[in-house]
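Participant: Input structure_2.txt, format and content: compact mmCIF, C-alpha atoms and all ligand atoms.
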```txt
# COMPACT_ATOMS: atom_id res chain seq x y z
CA MET A 1 -19.69 -19.11 1.35
CA SER A 2 -19.09 -15.87 -0.52
CA ASN A 3 -19.03 -12.14 0.02
CA GLY A 4 -19.57 -8.82 -1.57
CA THR A 5 -22.35 -8.78 -4.14
CA ILE A 6 -26.13 -8.93 -4.21
CA PHE A 7 -25.72 -12.43 -5.65
CA SER A 8 -23.84 -13.51 -2.51
CA LYS A 9 -26.83 -12.41 -0.45
CA ILE A 10 -29.23 -14.33 -2.71
CA ILE A 11 -27.06 -17.44 -2.42
CA LYS A 12 -27.09 -17.19 1.37
CA GLY A 13 -30.86 -16.56 1.45
CA GLU A 14 -30.45 -13.03 2.82
CA VAL A 15 -32.13 -11.51 -0.25
CA LEU A 16 -35.19 -13.11 -1.82
CA ALA A 17 -34.95 -14.53 -5.33
CA ASP A 18 -36.76 -17.20 -7.31
CA ILE A 19 -34.15 -19.94 -6.97
CA VAL A 20 -34.62 -22.74 -9.49
CA TYR A 21 -31.57 -24.83 -8.57
CA GLN A 22 -28.94 -24.88 -5.82
CA ASP A 23 -26.20 -27.27 -4.77
CA GLU A 24 -22.88 -27.11 -2.96
CA TYR A 25 -21.19 -25.28 -5.84
CA ILE A 26 -23.75 -23.21 -7.72
CA THR A 27 -27.06 -21.40 -7.48
CA ALA A 28 -29.51 -20.58 -10.28
CA PHE A 29 -32.28 -18.02 -9.96
CA ARG A 30 -34.57 -15.98 -12.18
CA ASP A 31 -33.31 -12.56 -13.26
CA MET A 32 -35.30 -9.73 -11.65
CA LEU A 33 -35.43 -7.84 -14.97
CA PRO A 34 -35.97 -10.64 -17.50
CA GLN A 35 -34.92 -9.88 -21.07
CA ALA A 36 -36.72 -12.95 -22.44
CA PRO A 37 -39.60 -15.17 -21.25
CA VAL A 38 -36.93 -17.37 -19.63
CA HIS A 39 -34.03 -15.51 -18.06
CA ILE A 40 -32.13 -17.41 -15.40
CA LEU A 41 -28.73 -16.64 -13.90
CA ILE A 42 -26.38 -19.48 -12.94
CA VAL A 43 -23.70 -18.37 -10.49
CA PRO A 44 -20.92 -20.02 -8.47
CA ASN A 45 -21.58 -19.93 -4.72
CA LEU A 46 -18.10 -18.56 -4.16
CA GLN A 47 -17.59 -15.15 -5.70
CA ILE A 48 -15.30 -14.88 -8.72
CA LYS A 49 -15.39 -11.26 -9.83
CA THR A 50 -14.95 -11.60 -13.59
CA LEU A 51 -14.07 -14.21 -16.19
CA ASN A 52 -10.58 -12.66 -16.17
CA ASP A 53 -10.18 -13.92 -12.59
CA VAL A 54 -10.86 -17.56 -13.46
CA VAL A 55 -7.95 -19.93 -12.83
CA ASP A 56 -7.20 -23.51 -13.91
CA GLY A 57 -8.66 -24.80 -10.66
CA ASP A 58 -12.06 -23.39 -11.64
CA THR A 59 -12.39 -25.63 -14.69
CA HIS A 60 -14.67 -28.11 -12.93
CA LEU A 61 -16.82 -25.33 -11.50
CA LEU A 62 -17.25 -23.73 -14.92
CA GLY A 63 -18.27 -27.11 -16.32
CA ARG A 64 -20.86 -27.47 -13.57
CA ILE A 65 -22.27 -24.03 -14.39
CA LEU A 66 -22.59 -24.96 -18.06
CA MET A 67 -24.13 -28.35 -17.32
CA ALA A 68 -26.58 -26.81 -14.85
CA ALA A 69 -27.75 -24.39 -17.55
CA VAL A 70 -28.35 -27.26 -19.96
CA GLY A 71 -30.13 -29.27 -17.27
CA ILE A 72 -32.39 -26.36 -16.33
CA ALA A 73 -33.18 -25.71 -20.00
CA LYS A 74 -34.23 -29.35 -20.36
CA ASN A 75 -36.22 -29.35 -17.11
CA ILE A 76 -38.25 -26.27 -17.99
CA GLY A 77 -38.84 -27.48 -21.53
CA ILE A 78 -36.95 -25.00 -23.69
CA ALA A 79 -34.04 -27.21 -24.73
CA GLU A 80 -35.62 -28.58 -27.88
CA ASP A 81 -36.58 -25.14 -29.25
CA GLY A 82 -33.24 -23.72 -28.14
CA TYR A 83 -31.79 -21.06 -25.93
CA ARG A 84 -28.81 -18.73 -25.52
CA LEU A 85 -26.06 -18.72 -22.89
CA VAL A 86 -24.23 -15.44 -22.24
CA MET A 87 -21.45 -14.38 -19.88
CA ASN A 88 -20.57 -10.71 -19.77
CA CYS A 89 -17.11 -9.52 -18.78
CA ASN A 90 -16.23 -6.05 -17.54
CA LYS A 91 -17.40 -2.73 -18.93
CA HIS A 92 -17.39 -3.40 -22.66
CA GLY A 93 -19.11 -6.75 -22.06
CA GLY A 94 -21.88 -5.02 -20.13
CA GLN A 95 -21.15 -6.68 -16.78
CA GLU A 96 -23.10 -5.05 -13.95
CA VAL A 97 -22.67 -7.53 -11.10
CA TYR A 98 -19.07 -8.48 -10.33
CA HIS A 99 -19.77 -12.09 -9.45
CA ILE A 100 -19.54 -14.21 -12.60
CA HIS A 101 -22.85 -15.54 -13.87
CA LEU A 102 -24.15 -17.34 -16.92
CA HIS A 103 -27.37 -15.95 -18.41
CA LEU A 104 -29.78 -18.62 -19.68
CA LEU A 105 -32.15 -16.93 -22.11
CA GLY A 106 -34.99 -18.49 -24.07
CA GLY A 107 -38.70 -19.04 -24.45
CA LYS A 108 -38.93 -17.23 -27.79
CA PRO A 109 -36.77 -16.72 -30.89
CA LEU A 110 -33.95 -14.47 -29.68
CA GLY A 111 -32.76 -13.04 -32.97
CA SER A 112 -29.16 -12.15 -33.66
CA ILE A 113 -26.73 -12.09 -30.81
CA LEU A 114 -26.38 -8.29 -30.60
CA GLY A 115 -30.04 -7.61 -31.34
CA ALA A 116 -29.32 -6.09 -34.77
P1 LIG B 201 -24.71 -8.54 -16.02
O1 LIG B 201 -25.09 -7.27 -16.73
O2 LIG B 201 -23.79 -8.29 -14.86
O3 LIG B 201 -24.22 -9.62 -16.95
O4 LIG B 201 -26.09 -9.11 -15.45
C1 LIG B 201 -26.55 -8.85 -14.17
C2 LIG B 201 -27.99 -9.33 -14.11
O5 LIG B 201 -28.36 -9.44 -12.76
C3 LIG B 201 -28.97 -8.36 -14.77
O6 LIG B 201 -29.69 -9.04 -15.80
C4 LIG B 201 -29.87 -7.93 -13.62
O7 LIG B 201 -31.22 -7.77 -13.99
C5 LIG B 201 -29.69 -9.05 -12.61
N1 LIG B 201 -29.86 -8.65 -11.24
C6 LIG B 201 -29.22 -7.61 -10.62
N2 LIG B 201 -29.59 -7.54 -9.33
C7 LIG B 201 -30.45 -8.58 -9.12
C8 LIG B 201 -31.17 -9.02 -7.96
O8 LIG B 201 -31.09 -8.45 -6.88
N3 LIG B 201 -31.99 -10.10 -8.13
C9 LIG B 201 -32.09 -10.77 -9.32
N4 LIG B 201 -32.91 -11.83 -9.36
N5 LIG B 201 -31.42 -10.37 -10.43
C10 LIG B 201 -30.62 -9.28 -10.33
```
Could you rewrite the structure in this file as structure tokens?
Ligand code: 5GP

Facilitator:
Amino acid sequence: MSNGTIFSKIIKGEVLADIVYQDEYITAFRDMLPQAPVHILIVPNLQIKTLNDVVDGDTHLLGRILMAAVGIAKNIGIAEDGYRLVMNCNKHGGQEVYHIHLHLLGGKPLGSILGA
């Protein structure tokens, strides 16, 4: 299915995580160090290291990731109040795990995007 990162192990069930959604293409689970009352990561089951590695053929997958985030936000009841979606890329973006993932953050007013 995938290789390499801690997220690959979570996807395969080799490392425990609070998985809130999984299908053939993507897995969503709660962040172990939440930065907001709701902090969920949506990841492709197959590892793509960074956004810079995305190719045209990944367009559908990226759409599924985005739609899953919206669906989860609706299901857990934060959609109406609102939420933030973030993808970090490489060092300046603050990426720590080299398996692309969309952060779904919400559950309280999040302030400005860079916390200023
Ligand atoms: P990045 O900085 O790469 O955009 O975000 C990586 C996120 O993955 C961080 O918010 C971090 O807390 C989370 N994370 C790293 N390792 C694990 C893990 O083993 N389990 C879970 N649930 N989250 C993790």

Participant: CA of Met67 in chain A and CA of His101 in chain A, how far apart in Å?

Facilitator: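 Between these atoms lies a distance of 13.3 Å.
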
Participant: 7 Å from ligand LIG 201 (chain B) is the threshold here; counting all atoms listed in the file, which polymer residues fall inside it? Answer as a list of chain:residue names.

Facilitator: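 Counting only what the definition allows, namely all atoms listed in the file, the set is A:Ile6, A:Phe7, A:Ala17, A:Asp18, A:Phe29, A:Arg30, A:Asp31, A:Met32, A:Leu33, A:Pro34, A:Met87, A:Asn88, A:Gly94, A:Gln95, A:Glu96, A:Val97, A:Tyr98, A:His101.
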
Participant: Let me make sure I understand: among A:Asn52, A:Leu105, A:Ile78, A:Gly71, which one has the smallest atom-to-atom distance to Gly93 in chain A if we use only C-alpha atoms?

Facilitator: A:Asn52

Participant: Measuring atom to atom with all atoms listed in the file, identify which of A:Leu114, A:Leu66, A:Leu51, A:Ala36 is nearest to Cys89 in chain A.

Facilitator: A:Leu51

Participant: Check the smallest atom-to-atom distance from each of A:Gln35, A:Asn75, A:Asn45, A:Ser8 to Leu61 in chain A using only C-alpha atoms, then report the winner.

Facilitator: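 Among the listed residues, A:Asn45 lies closest to Leu61 in chain A.
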
Participant: Check the smallest atom-to-atom distance from each of A:His92, A:Ala28, A:Lys9, A:Gly107 to Glu80 in chain A using all atoms listed in the file, then report the winner.

Facilitator: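 Answer, going by the shortest atom-to-atom distance: A:Gly107.
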
Participant: For a test of reading the model, state the distance in Å between CA of Lys74 in chain A and CA of Ile48 in chain A, rounded to one decimal.

Facilitator: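 Computing it gives 26.5 Å between the two atoms.
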
Participant: A:Thr59, A:Val20, A:Ile113, A:Arg64: which is nearest Val38 in chain A, counting all atoms listed in the file?

Facilitator: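 The shortest atom-to-atom distance to Val38 in chain A comes from A:Val20.
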
Participant: Just how far from CA of Glu24 in chain A is CA of Ala79 in chain A, in Å to one decimal?

Facilitator: 24.5 Å

Participant: Kindly provide, as a list in words, the polymer residues lying within 6 Å of (-31.1, -19.7, -17.1), counting all atoms listed in the file and using the coordinates exactly as they appear in the file.

Facilitator: His39, Ile40, Leu41, Ala69, His103, Leu104 and Leu105 of chain A

Participant: Build an axis-aligned box that encloses every atom of range 3-22 of chain A listed in the file, pad it by 6 Å on each side, and report its centre and edge lengths in Å to one decimal, as lines of an AutoDock Vina configuration file.

Facilitator:
```
center_x = -27.9
center_y = -16.8
center_z = -3.3
size_x = 29.7
size_y = 28.1
size_z = 24.3
```

Participant: Using all atoms listed in the file for the distances, tell me which of A:Gly63, A:Gly4, A:Gly115, A:Pro109 is nearest to Gln47 in chain A.

Facilitator: A:Gly4
